[in-house]
Amino acid sequence: MQTSLRSGTLSETKLKPDQCSALAYLLLMSEEVLEEFDLKPYNTSEEGYQRLLPVVKTCKRALLDHCKLTYESCETLTSALQTPNSPLRELDLSYNDLEDRGVELLCVGLTSPLCNIQTLVLAGCKLTYESCESLASALQTPNSPLRDLDLSYNDLGDRGVELLCVGLTSPLRNIQTLVLDHCNLTYESCEALASALQKPNSPLRELDLSYNDLEDRGVELLCVGLTSPLRNIQTLVLGQCGLTEGCCSDLASVLSSPNSQLKQLELRDNDLQDSGVTLLSAGLEDPDCKLHTLG
């Protein structure tokens, strides 16, 4: 086992669960902090993956995506998140069937004062609006270190975003990047998000809402928050959101607002037409426009 570990040939052999336990023991007993622990290269069963999970407490970045994990794995991970002085800062659990039960368990660890997670990726984990209530509570934890949250490819719906925004409007929240693409959202989500953007000292810098049916009504609501003197959004992604030239006047107003900090705007795969581009150009030409990238 030790020879294979040093030579990097472990991925070539099918590991039995007891071998995974032995490997986990070796890694845990080592005093070395791993920069990254990627579970995917290990050739083992679901039970084998489960036995390797405790290793995450010894690394800075844990890549556990596409590993057939379930909600049961989250109990082990929650324990790891509560390990004193854990170096773990980034946790990627995307494309595992964690479901809402898994996130509820995970949030027990996220709310621990010992947790140091700054980046959490939960894309494609079969989550619904129920997960958002648990996550909102985690966001309101005093001194929460969580900065980046990716919930893309989950059926959260408008109800989920509304619940999540309870955490985003808390004076204790620290989220800087929020990814919500492919979350089955409509214009109704935008009112709650606009309210979150207008909260004093909002730390949110990047918001990805692409591939949701926001339509022009949604952008109109969102722009209320984007022109507030309290918002700090620098990157806004609205690709394929069912937009037309009808939203371009509102966006142009944001671009020309002296309050706007927007530096990157993504609008690709929307039917803006030439007339919409003309309206946007008026905002781009304004001396108060801070935009660097328009896609």
# chains A, B, ... in the order shown; residues from 1 in each chain; ligands from 1
>>> residues_around(residues="segment 229-237 of chain A", least_positions_apart="3", cutoff="8 Å", atoms="only C-alpha atoms", output="PyMOL selection string")
chain A and resi 197-210+225-226+259-267
>>> select_by_dssp(residues="segment 26-245 of chain A", states="strand (DSSP E)", output="JSON, numbers by chain")
{"A": [34, 35, 36, 37, 38, 59, 60, 61, 62, 63, 90, 91, 92, 119, 120, 121, 148, 149, 150, 177, 178, 179, 206, 207, 208, 235, 236, 237]}
>>> write_last_selection(atoms="N, CA and C atoms", output="PDB file, in the first residue's frame")
ATOM      1  N   LEU A  34      -2.306  18.091   2.884  1.00  0.00           N
ATOM      2  CA  LEU A  34      -2.443  17.940   1.438  1.00  0.00           C
ATOM      3  C   LEU A  34      -3.028  19.209   0.830  1.00  0.00           C
ATOM      4  N   GLU A  35      -2.449  19.665  -0.261  1.00  0.00           N
ATOM      5  CA  GLU A  35      -3.019  20.811  -0.970  1.00  0.00           C
ATOM      6  C   GLU A  35      -4.373  20.441  -1.551  1.00  0.00           C
ATOM      7  N   GLU A  36      -4.460  19.200  -2.065  1.00  0.00           N
ATOM      8  CA  GLU A  36      -5.691  18.755  -2.713  1.00  0.00           C
ATOM      9  C   GLU A  36      -5.867  17.253  -2.529  1.00  0.00           C
ATOM     10  N   PHE A  37      -7.101  16.855  -2.251  1.00  0.00           N
ATOM     11  CA  PHE A  37      -7.445  15.438  -2.188  1.00  0.00           C
ATOM     12  C   PHE A  37      -8.594  15.201  -3.154  1.00  0.00           C
ATOM     13  N   ASP A  38      -8.294  14.473  -4.236  1.00  0.00           N
ATOM     14  CA  ASP A  38      -9.285  14.180  -5.273  1.00  0.00           C
ATOM     15  C   ASP A  38      -9.682  12.714  -5.148  1.00  0.00           C
ATOM     16  N   CYS A  59      -6.705  18.014   4.264  1.00  0.00           N
ATOM     17  CA  CYS A  59      -6.367  18.717   3.023  1.00  0.00           C
ATOM     18  C   CYS A  59      -6.974  20.117   2.998  1.00  0.00           C
ATOM     19  N   LYS A  60      -6.493  20.931   2.067  1.00  0.00           N
ATOM     20  CA  LYS A  60      -7.025  22.279   1.895  1.00  0.00           C
ATOM     21  C   LYS A  60      -8.196  22.291   0.918  1.00  0.00           C
ATOM     22  N   ARG A  61      -8.120  21.402  -0.067  1.00  0.00           N
ATOM     23  CA  ARG A  61      -9.139  21.366  -1.117  1.00  0.00           C
ATOM     24  C   ARG A  61      -9.569  19.926  -1.345  1.00  0.00           C
ATOM     25  N   ALA A  62     -10.858  19.641  -1.145  1.00  0.00           N
ATOM     26  CA  ALA A  62     -11.380  18.288  -1.316  1.00  0.00           C
ATOM     27  C   ALA A  62     -12.288  18.228  -2.535  1.00  0.00           C
ATOM     28  N   LEU A  63     -11.907  17.404  -3.512  1.00  0.00           N
ATOM     29  CA  LEU A  63     -12.693  17.224  -4.731  1.00  0.00           C
ATOM     30  C   LEU A  63     -13.393  15.873  -4.659  1.00  0.00           C
ATOM     31  N   GLU A  90     -11.924  24.347   0.870  1.00  0.00           N
ATOM     32  CA  GLU A  90     -12.772  24.202  -0.319  1.00  0.00           C
ATOM     33  C   GLU A  90     -13.301  22.779  -0.412  1.00  0.00           C
ATOM     34  N   LEU A  91     -14.626  22.660  -0.591  1.00  0.00           N
ATOM     35  CA  LEU A  91     -15.275  21.352  -0.643  1.00  0.00           C
ATOM     36  C   LEU A  91     -16.194  21.283  -1.857  1.00  0.00           C
ATOM     37  N   ASP A  92     -15.873  20.372  -2.779  1.00  0.00           N
ATOM     38  CA  ASP A  92     -16.666  20.189  -3.996  1.00  0.00           C
ATOM     39  C   ASP A  92     -17.377  18.846  -3.927  1.00  0.00           C
ATOM     40  N   THR A 119     -15.300  27.815   0.359  1.00  0.00           N
ATOM     41  CA  THR A 119     -15.936  27.527  -0.931  1.00  0.00           C
ATOM     42  C   THR A 119     -16.669  26.196  -0.854  1.00  0.00           C
ATOM     43  N   LEU A 120     -17.963  26.219  -1.199  1.00  0.00           N
ATOM     44  CA  LEU A 120     -18.788  25.011  -1.171  1.00  0.00           C
ATOM     45  C   LEU A 120     -19.500  24.867  -2.511  1.00  0.00           C
ATOM     46  N   VAL A 121     -19.267  23.733  -3.180  1.00  0.00           N
ATOM     47  CA  VAL A 121     -19.877  23.469  -4.484  1.00  0.00           C
ATOM     48  C   VAL A 121     -20.842  22.295  -4.347  1.00  0.00           C
ATOM     49  N   ASP A 148     -17.988  31.510  -1.069  1.00  0.00           N
ATOM     50  CA  ASP A 148     -18.423  31.124  -2.414  1.00  0.00           C
ATOM     51  C   ASP A 148     -19.355  29.920  -2.331  1.00  0.00           C
ATOM     52  N   LEU A 149     -20.547  30.058  -2.927  1.00  0.00           N
ATOM     53  CA  LEU A 149     -21.554  29.000  -2.864  1.00  0.00           C
ATOM     54  C   LEU A 149     -22.105  28.731  -4.262  1.00  0.00           C
ATOM     55  N   ASP A 150     -21.976  27.491  -4.711  1.00  0.00           N
ATOM     56  CA  ASP A 150     -22.454  27.080  -6.034  1.00  0.00           C
ATOM     57  C   ASP A 150     -23.579  26.066  -5.858  1.00  0.00           C
ATOM     58  N   THR A 177     -19.680  35.187  -3.769  1.00  0.00           N
ATOM     59  CA  THR A 177     -20.023  34.598  -5.071  1.00  0.00           C
ATOM     60  C   THR A 177     -21.172  33.617  -4.894  1.00  0.00           C
ATOM     61  N   LEU A 178     -22.232  33.816  -5.681  1.00  0.00           N
ATOM     62  CA  LEU A 178     -23.401  32.940  -5.615  1.00  0.00           C
ATOM     63  C   LEU A 178     -23.750  32.483  -7.029  1.00  0.00           C
ATOM     64  N   VAL A 179     -23.722  31.169  -7.239  1.00  0.00           N
ATOM     65  CA  VAL A 179     -23.997  30.597  -8.560  1.00  0.00           C
ATOM     66  C   VAL A 179     -25.320  29.842  -8.504  1.00  0.00           C
ATOM     67  N   GLU A 206     -20.366  38.598  -7.066  1.00  0.00           N
ATOM     68  CA  GLU A 206     -20.617  37.870  -8.314  1.00  0.00           C
ATOM     69  C   GLU A 206     -21.903  37.065  -8.200  1.00  0.00           C
ATOM     70  N   LEU A 207     -22.782  37.225  -9.193  1.00  0.00           N
ATOM     71  CA  LEU A 207     -24.081  36.551  -9.196  1.00  0.00           C
ATOM     72  C   LEU A 207     -24.329  35.939 -10.569  1.00  0.00           C
ATOM     73  N   ASP A 208     -24.510  34.625 -10.603  1.00  0.00           N
ATOM     74  CA  ASP A 208     -24.761  33.903 -11.852  1.00  0.00           C
ATOM     75  C   ASP A 208     -26.181  33.357 -11.829  1.00  0.00           C
ATOM     76  N   THR A 235     -19.863  41.344 -11.015  1.00  0.00           N
ATOM     77  CA  THR A 235     -20.070  40.403 -12.117  1.00  0.00           C
ATOM     78  C   THR A 235     -21.498  39.878 -12.080  1.00  0.00           C
ATOM     79  N   LEU A 236     -22.200  40.012 -13.213  1.00  0.00           N
ATOM     80  CA  LEU A 236     -23.580  39.539 -13.320  1.00  0.00           C
ATOM     81  C   LEU A 236     -23.706  38.699 -14.585  1.00  0.00           C
ATOM     82  N   VAL A 237     -24.142  37.447 -14.419  1.00  0.00           N
ATOM     83  CA  VAL A 237     -24.257  36.522 -15.547  1.00  0.00           C
ATOM     84  C   VAL A 237     -25.735  36.209 -15.781  1.00  0.00           C
TER      85      VAL A 237
END
>>> closest_residue(among="A:Arg268, A:Arg159, A:Lys68, A:Arg101", to="Tyr211 of chain A", atoms="only C-alpha atoms")
A:Arg268
>>> residues_around(residues="segment 25-32 of chain A", least_positions_apart="6", cutoff="9 Å", atoms="only C-alpha atoms", output="PyMOL selection string")
chain A and resi 2+52+54-55+57-59
>>> residues_around(residues="Lys16 of chain A", least_positions_apart="6", cutoff="12 Å", atoms="only C-alpha atoms", output="ChimeraX atom specification")
/A:1,10,22-23,42-52
>>> residues_around(residues="Cys223 of chain A", least_positions_apart="3", cutoff="7 Å", atoms="only C-alpha atoms", output="PDB file with C-alpha atoms, in the first residue's frame")
ATOM      1  CA  VAL A 219     -34.169  41.978 -14.894  1.00  0.00           C
ATOM      2  CA  GLU A 220     -36.316  45.041 -14.204  1.00  0.00           C
ATOM      3  CA  LEU A 226     -28.176  46.969  -8.882  1.00  0.00           C
ATOM      4  CA  THR A 227     -28.657  50.749  -8.816  1.00  0.00           C
ATOM      5  CA  ASP A 250     -33.038  49.044 -17.403  1.00  0.00           C
ATOM      6  CA  LEU A 251     -29.573  47.550 -17.849  1.00  0.00           C
ATOM      7  CA  VAL A 254     -27.483  50.404 -14.280  1.00  0.00           C
TER       8      VAL A 254
END
>>> atom_distance(atom1="atom CA of Pro145 of chain A", atom2="atom CA of Val224 of chain A")
28.3 Å
>>> atom_distance(atom1="atom CA of Cys183 of chain A", atom2="atom CA of Asp155 of chain A")
4.9 Å
>>> select_by_dssp(residues="segment 58-220 of chain A", states="helix (DSSP H, G or I)", output="mmCIF file with N, CA and C atoms, in the first residue's frame")
data_model
loop_
_atom_site.group_PDB
_atom_site.id
_atom_site.type_symbol
_atom_site.label_atom_id
_atom_site.label_comp_id
_atom_site.auth_asym_id
_atom_site.auth_seq_id
_atom_site.Cartn_x
_atom_site.Cartn_y
_atom_site.Cartn_z
ATOM 1 N N THR A 58 -7.578 16.482 6.348
ATOM 2 C CA THR A 58 -6.133 16.739 6.287
ATOM 3 C C THR A 58 -5.727 17.565 5.067
ATOM 4 N N SER A 73 -23.135 9.955 3.342
ATOM 5 C CA SER A 73 -21.741 10.418 3.365
ATOM 6 C C SER A 73 -21.594 11.724 4.133
ATOM 7 N N CYS A 74 -22.671 12.488 4.186
ATOM 8 C CA CYS A 74 -22.602 13.822 4.789
ATOM 9 C C CYS A 74 -22.379 13.782 6.297
ATOM 10 N N GLU A 75 -22.754 12.682 6.919
ATOM 11 C CA GLU A 75 -22.509 12.563 8.362
ATOM 12 C C GLU A 75 -21.004 12.503 8.642
ATOM 13 N N THR A 76 -20.282 11.739 7.807
ATOM 14 C CA THR A 76 -18.820 11.668 7.936
ATOM 15 C C THR A 76 -18.194 13.023 7.643
ATOM 16 N N LEU A 77 -18.693 13.685 6.605
ATOM 17 C CA LEU A 77 -18.149 14.990 6.223
ATOM 18 C C LEU A 77 -18.420 16.047 7.290
ATOM 19 N N THR A 78 -19.584 15.978 7.903
ATOM 20 C CA THR A 78 -19.919 16.921 8.969
ATOM 21 C C THR A 78 -18.933 16.812 10.122
ATOM 22 N N SER A 79 -18.568 15.585 10.447
ATOM 23 C CA SER A 79 -17.570 15.370 11.494
ATOM 24 C C SER A 79 -16.233 15.989 11.097
ATOM 25 N N ALA A 80 -15.863 15.850 9.823
ATOM 26 C CA ALA A 80 -14.601 16.416 9.337
ATOM 27 C C ALA A 80 -14.610 17.940 9.409
ATOM 28 N N LEU A 81 -15.768 18.540 9.118
ATOM 29 C CA LEU A 81 -15.877 20.004 9.145
ATOM 30 C C LEU A 81 -15.706 20.567 10.552
ATOM 31 N N GLU A 99 -29.120 15.029 -1.946
ATOM 32 C CA GLU A 99 -30.498 15.400 -1.635
ATOM 33 C C GLU A 99 -30.560 16.344 -0.425
ATOM 34 N N ASP A 100 -31.752 16.766 -0.105
ATOM 35 C CA ASP A 100 -31.937 17.731 0.983
ATOM 36 C C ASP A 100 -31.479 17.182 2.334
ATOM 37 N N ARG A 101 -31.666 15.881 2.524
ATOM 38 C CA ARG A 101 -31.239 15.272 3.792
ATOM 39 C C ARG A 101 -29.741 15.426 3.995
ATOM 40 N N GLY A 102 -28.994 15.281 2.912
ATOM 41 C CA GLY A 102 -27.547 15.410 2.999
ATOM 42 C C GLY A 102 -27.106 16.816 3.356
ATOM 43 N N VAL A 103 -27.745 17.810 2.739
ATOM 44 C CA VAL A 103 -27.389 19.205 3.021
ATOM 45 C C VAL A 103 -27.748 19.579 4.454
ATOM 46 N N GLU A 104 -28.865 19.049 4.931
ATOM 47 C CA GLU A 104 -29.251 19.314 6.322
ATOM 48 C C GLU A 104 -28.172 18.811 7.283
ATOM 49 N N LEU A 105 -27.647 17.621 7.006
ATOM 50 C CA LEU A 105 -26.561 17.073 7.832
ATOM 51 C C LEU A 105 -25.291 17.907 7.687
ATOM 52 N N LEU A 106 -24.991 18.286 6.453
ATOM 53 C CA LEU A 106 -23.777 19.052 6.170
ATOM 54 C C LEU A 106 -23.793 20.398 6.888
ATOM 55 N N CYS A 107 -24.968 20.986 6.986
ATOM 56 C CA CYS A 107 -25.090 22.304 7.616
ATOM 57 C C CYS A 107 -24.814 22.275 9.115
ATOM 58 N N VAL A 108 -24.915 21.108 9.716
ATOM 59 C CA VAL A 108 -24.523 20.980 11.128
ATOM 60 C C VAL A 108 -23.041 21.305 11.259
ATOM 61 N N GLY A 109 -22.261 20.812 10.311
ATOM 62 C CA GLY A 109 -20.833 21.120 10.310
ATOM 63 C C GLY A 109 -20.543 22.548 9.910
ATOM 64 N N LEU A 110 -21.309 23.061 8.940
ATOM 65 C CA LEU A 110 -21.082 24.426 8.456
ATOM 66 C C LEU A 110 -21.362 25.478 9.521
ATOM 67 N N TYR A 129 -35.921 23.289 -2.732
ATOM 68 C CA TYR A 129 -36.017 24.488 -1.893
ATOM 69 C C TYR A 129 -35.738 24.190 -0.422
ATOM 70 N N GLU A 130 -35.975 22.942 0.006
ATOM 71 C CA GLU A 130 -35.786 22.606 1.418
ATOM 72 C C GLU A 130 -34.328 22.766 1.858
ATOM 73 N N SER A 131 -33.397 22.527 0.950
ATOM 74 C CA SER A 131 -31.975 22.711 1.285
ATOM 75 C C SER A 131 -31.656 24.166 1.575
ATOM 76 N N CYS A 132 -32.384 25.061 0.929
ATOM 77 C CA CYS A 132 -32.088 26.489 1.052
ATOM 78 C C CYS A 132 -32.352 27.015 2.456
ATOM 79 N N GLU A 133 -33.314 26.425 3.135
ATOM 80 C CA GLU A 133 -33.592 26.847 4.511
ATOM 81 C C GLU A 133 -32.414 26.491 5.423
ATOM 82 N N SER A 134 -31.873 25.277 5.232
ATOM 83 C CA SER A 134 -30.707 24.860 6.027
ATOM 84 C C SER A 134 -29.499 25.729 5.714
ATOM 85 N N LEU A 135 -29.280 26.008 4.424
ATOM 86 C CA LEU A 135 -28.137 26.825 4.018
ATOM 87 C C LEU A 135 -28.271 28.262 4.507
ATOM 88 N N ALA A 136 -29.498 28.783 4.500
ATOM 89 C CA ALA A 136 -29.722 30.148 4.992
ATOM 90 C C ALA A 136 -29.328 30.265 6.462
ATOM 91 N N SER A 137 -29.639 29.229 7.234
ATOM 92 C CA SER A 137 -29.241 29.229 8.650
ATOM 93 C C SER A 137 -27.724 29.217 8.787
ATOM 94 N N ALA A 138 -27.064 28.439 7.912
ATOM 95 C CA ALA A 138 -25.596 28.384 7.948
ATOM 96 C C ALA A 138 -24.988 29.741 7.611
ATOM 97 N N LEU A 139 -25.608 30.460 6.675
ATOM 98 C CA LEU A 139 -25.092 31.773 6.268
ATOM 99 C C LEU A 139 -25.199 32.800 7.391
ATOM 100 N N GLY A 157 -36.007 26.443 -7.456
ATOM 101 C CA GLY A 157 -37.202 27.236 -7.699
ATOM 102 C C GLY A 157 -37.185 28.567 -6.963
ATOM 103 N N ASP A 158 -38.203 29.370 -7.225
ATOM 104 C CA ASP A 158 -38.291 30.693 -6.599
ATOM 105 C C ASP A 158 -38.387 30.600 -5.082
ATOM 106 N N ARG A 159 -39.082 29.577 -4.624
ATOM 107 C CA ARG A 159 -39.235 29.409 -3.174
ATOM 108 C C ARG A 159 -37.876 29.190 -2.509
ATOM 109 N N GLY A 160 -37.016 28.437 -3.178
ATOM 110 C CA GLY A 160 -35.684 28.196 -2.637
ATOM 111 C C GLY A 160 -34.862 29.464 -2.529
ATOM 112 N N VAL A 161 -34.915 30.300 -3.568
ATOM 113 C CA VAL A 161 -34.160 31.557 -3.548
ATOM 114 C C VAL A 161 -34.697 32.497 -2.474
ATOM 115 N N GLU A 162 -36.005 32.514 -2.324
ATOM 116 C CA GLU A 162 -36.608 33.349 -1.281
ATOM 117 C C GLU A 162 -36.098 32.943 0.104
ATOM 118 N N LEU A 163 -36.018 31.635 0.347
ATOM 119 C CA LEU A 163 -35.497 31.141 1.627
ATOM 120 C C LEU A 163 -34.014 31.460 1.775
ATOM 121 N N LEU A 164 -33.269 31.281 0.695
ATOM 122 C CA LEU A 164 -31.828 31.544 0.726
ATOM 123 C C LEU A 164 -31.536 33.010 1.025
ATOM 124 N N CYS A 165 -32.383 33.879 0.515
ATOM 125 C CA CYS A 165 -32.181 35.318 0.708
ATOM 126 C C CYS A 165 -32.369 35.756 2.157
ATOM 127 N N VAL A 166 -33.021 34.934 2.955
ATOM 128 C CA VAL A 166 -33.098 35.221 4.392
ATOM 129 C C VAL A 166 -31.686 35.233 4.970
ATOM 130 N N GLY A 167 -30.870 34.294 4.497
ATOM 131 C CA GLY A 167 -29.471 34.269 4.925
ATOM 132 C C GLY A 167 -28.649 35.364 4.284
ATOM 133 N N LEU A 168 -28.954 35.669 3.014
ATOM 134 C CA LEU A 168 -28.188 36.686 2.289
ATOM 135 C C LEU A 168 -28.437 38.094 2.811
ATOM 136 N N GLU A 188 -39.837 35.949 -10.317
ATOM 137 C CA GLU A 188 -40.203 36.127 -8.916
ATOM 138 C C GLU A 188 -38.991 36.033 -7.979
ATOM 139 N N SER A 189 -37.963 35.310 -8.391
ATOM 140 C CA SER A 189 -36.741 35.221 -7.572
ATOM 141 C C SER A 189 -36.020 36.558 -7.491
ATOM 142 N N CYS A 190 -36.192 37.373 -8.518
ATOM 143 C CA CYS A 190 -35.400 38.599 -8.639
ATOM 144 C C CYS A 190 -35.772 39.656 -7.602
ATOM 145 N N GLU A 191 -36.999 39.634 -7.147
ATOM 146 C CA GLU A 191 -37.397 40.606 -6.126
ATOM 147 C C GLU A 191 -36.654 40.338 -4.816
ATOM 148 N N ALA A 192 -36.579 39.061 -4.433
ATOM 149 C CA ALA A 192 -35.856 38.701 -3.206
ATOM 150 C C ALA A 192 -34.367 38.996 -3.345
ATOM 151 N N LEU A 193 -33.805 38.716 -4.518
ATOM 152 C CA LEU A 193 -32.382 38.978 -4.744
ATOM 153 C C LEU A 193 -32.086 40.473 -4.738
ATOM 154 N N ALA A 194 -32.978 41.255 -5.332
ATOM 155 C CA ALA A 194 -32.796 42.713 -5.342
ATOM 156 C C ALA A 194 -32.795 43.268 -3.926
ATOM 157 N N SER A 195 -33.662 42.711 -3.091
ATOM 158 C CA SER A 195 -33.711 43.135 -1.690
ATOM 159 C C SER A 195 -32.401 42.815 -0.983
ATOM 160 N N ALA A 196 -31.842 41.633 -1.281
ATOM 161 C CA ALA A 196 -30.565 41.241 -0.672
ATOM 162 C C ALA A 196 -29.439 42.172 -1.108
ATOM 163 N N LEU A 197 -29.481 42.596 -2.370
ATOM 164 C CA LEU A 197 -28.428 43.476 -2.896
ATOM 165 C C LEU A 197 -28.450 44.856 -2.247
ATOM 166 N N GLU A 215 -36.745 36.428 -17.691
ATOM 167 C CA GLU A 215 -37.430 37.337 -18.603
ATOM 168 C C GLU A 215 -37.144 38.801 -18.247
ATOM 169 N N ASP A 216 -37.693 39.688 -19.040
ATOM 170 C CA ASP A 216 -37.441 41.122 -18.845
ATOM 171 C C ASP A 216 -37.943 41.615 -17.492
ATOM 172 N N ARG A 217 -39.065 41.017 -17.030
ATOM 173 C CA ARG A 217 -39.612 41.432 -15.731
ATOM 174 C C ARG A 217 -38.620 41.174 -14.606
ATOM 175 N N GLY A 218 -37.932 40.048 -14.695
ATOM 176 C CA GLY A 218 -36.950 39.709 -13.672
ATOM 177 C C GLY A 218 -35.786 40.677 -13.647
ATOM 178 N N VAL A 219 -35.291 41.040 -14.823
ATOM 179 C CA VAL A 219 -34.169 41.978 -14.894
ATOM 180 C C VAL A 219 -34.589 43.357 -14.390
ATOM 181 N N GLU A 220 -35.813 43.752 -14.701
ATOM 182 C CA GLU A 220 -36.316 45.041 -14.204
ATOM 183 C C GLU A 220 -36.288 45.079 -12.674
#
>>> residues_around(residues="Tyr153 of chain A", least_positions_apart="5", cutoff="6 Å", atoms="only C-alpha atoms", output="PyMOL selection string")
chain A and resi 123-124+182-183
>>> write_last_selection(atoms="N, CA and C atoms", output="CSV table (one decimal), in the first residue's frame")
chain,number,residue,atom,x,y,z
A,123,ALA,N,-23.3,21.7,-6.9
A,123,ALA,CA,-24.0,21.6,-8.2
A,123,ALA,C,-24.5,20.2,-8.5
A,124,GLY,N,-25.7,20.1,-9.0
A,124,GLY,CA,-26.3,18.8,-9.4
A,124,GLY,C,-26.4,17.8,-8.3
A,182,HIS,N,-29.3,27.3,-14.0
A,182,HIS,CA,-30.1,26.1,-14.1
A,182,HIS,C,-30.8,25.6,-12.8
A,183,CYS,N,-31.4,26.6,-12.2
A,183,CYS,CA,-32.1,26.3,-10.9
A,183,CYS,C,-33.6,26.5,-11.0
>>> closest_residue(among="A:Leu238, A:Leu114, A:Leu69, A:Leu280", to="Pro84 of chain A", atoms="only C-alpha atoms")
A:Leu114
>>> closest_residue(among="A:Pro41, A:Gly283, A:Pro171, A:Pro113", to="Asp65 of chain A", atoms="only C-alpha atoms")
A:Pro41
>>> decode(residues="segment 166-225 of chain A", atoms="C-alpha atoms", output="tab-separated table (two decimals), in the first residue's frame")
chain	number	residue	atom	x	y	z
A	166	VAL	CA	-33.10	35.22	4.39
A	167	GLY	CA	-29.47	34.27	4.93
A	168	LEU	CA	-28.19	36.69	2.29
A	169	THR	CA	-29.86	39.62	4.03
A	170	SER	CA	-28.47	38.75	7.45
A	171	PRO	CA	-25.85	41.18	8.78
A	172	LEU	CA	-23.70	38.11	9.52
A	173	ARG	CA	-23.49	36.79	5.94
A	174	ASN	CA	-20.21	36.84	4.02
A	175	ILE	CA	-21.15	35.33	0.65
A	176	GLN	CA	-19.24	37.00	-2.20
A	177	THR	CA	-20.02	34.60	-5.07
A	178	LEU	CA	-23.40	32.94	-5.61
A	179	VAL	CA	-24.00	30.60	-8.56
A	180	LEU	CA	-27.63	29.74	-9.33
A	181	ASP	CA	-27.62	28.76	-13.01
A	182	HIS	CA	-30.06	26.06	-14.13
A	183	CYS	CA	-32.11	26.31	-10.90
A	184	ASN	CA	-35.60	26.61	-12.43
A	185	LEU	CA	-36.02	30.25	-11.39
A	186	THR	CA	-38.43	32.86	-12.74
A	187	TYR	CA	-38.76	36.63	-12.40
A	188	GLU	CA	-40.20	36.13	-8.92
A	189	SER	CA	-36.74	35.22	-7.57
A	190	CYS	CA	-35.40	38.60	-8.64
A	191	GLU	CA	-37.40	40.61	-6.13
A	192	ALA	CA	-35.86	38.70	-3.21
A	193	LEU	CA	-32.38	38.98	-4.74
A	194	ALA	CA	-32.80	42.71	-5.34
A	195	SER	CA	-33.71	43.14	-1.69
A	196	ALA	CA	-30.57	41.24	-0.67
A	197	LEU	CA	-28.43	43.48	-2.90
A	198	GLN	CA	-29.75	46.59	-1.17
A	199	LYS	CA	-28.77	45.53	2.33
A	200	PRO	CA	-26.04	47.67	3.94
A	201	ASN	CA	-22.52	46.30	3.46
A	202	SER	CA	-23.65	43.48	1.17
A	203	PRO	CA	-20.51	41.46	0.35
A	204	LEU	CA	-21.98	39.86	-2.80
A	205	ARG	CA	-19.67	40.51	-5.76
A	206	GLU	CA	-20.62	37.87	-8.31
A	207	LEU	CA	-24.08	36.55	-9.20
A	208	ASP	CA	-24.76	33.90	-11.85
A	209	LEU	CA	-28.42	33.49	-12.81
A	210	SER	CA	-27.93	32.07	-16.30
A	211	TYR	CA	-30.27	29.49	-17.83
A	212	ASN	CA	-33.28	30.55	-15.79
A	213	ASP	CA	-36.51	32.01	-17.20
A	214	LEU	CA	-36.13	35.43	-15.58
A	215	GLU	CA	-37.43	37.34	-18.60
A	216	ASP	CA	-37.44	41.12	-18.85
A	217	ARG	CA	-39.61	41.43	-15.73
A	218	GLY	CA	-36.95	39.71	-13.67
A	219	VAL	CA	-34.17	41.98	-14.89
A	220	GLU	CA	-36.32	45.04	-14.20
A	221	LEU	CA	-36.70	43.91	-10.58
A	222	LEU	CA	-33.03	43.00	-10.30
A	223	CYS	CA	-31.95	46.41	-11.57
A	224	VAL	CA	-33.61	48.06	-8.59
A	225	GLY	CA	-31.00	46.38	-6.42
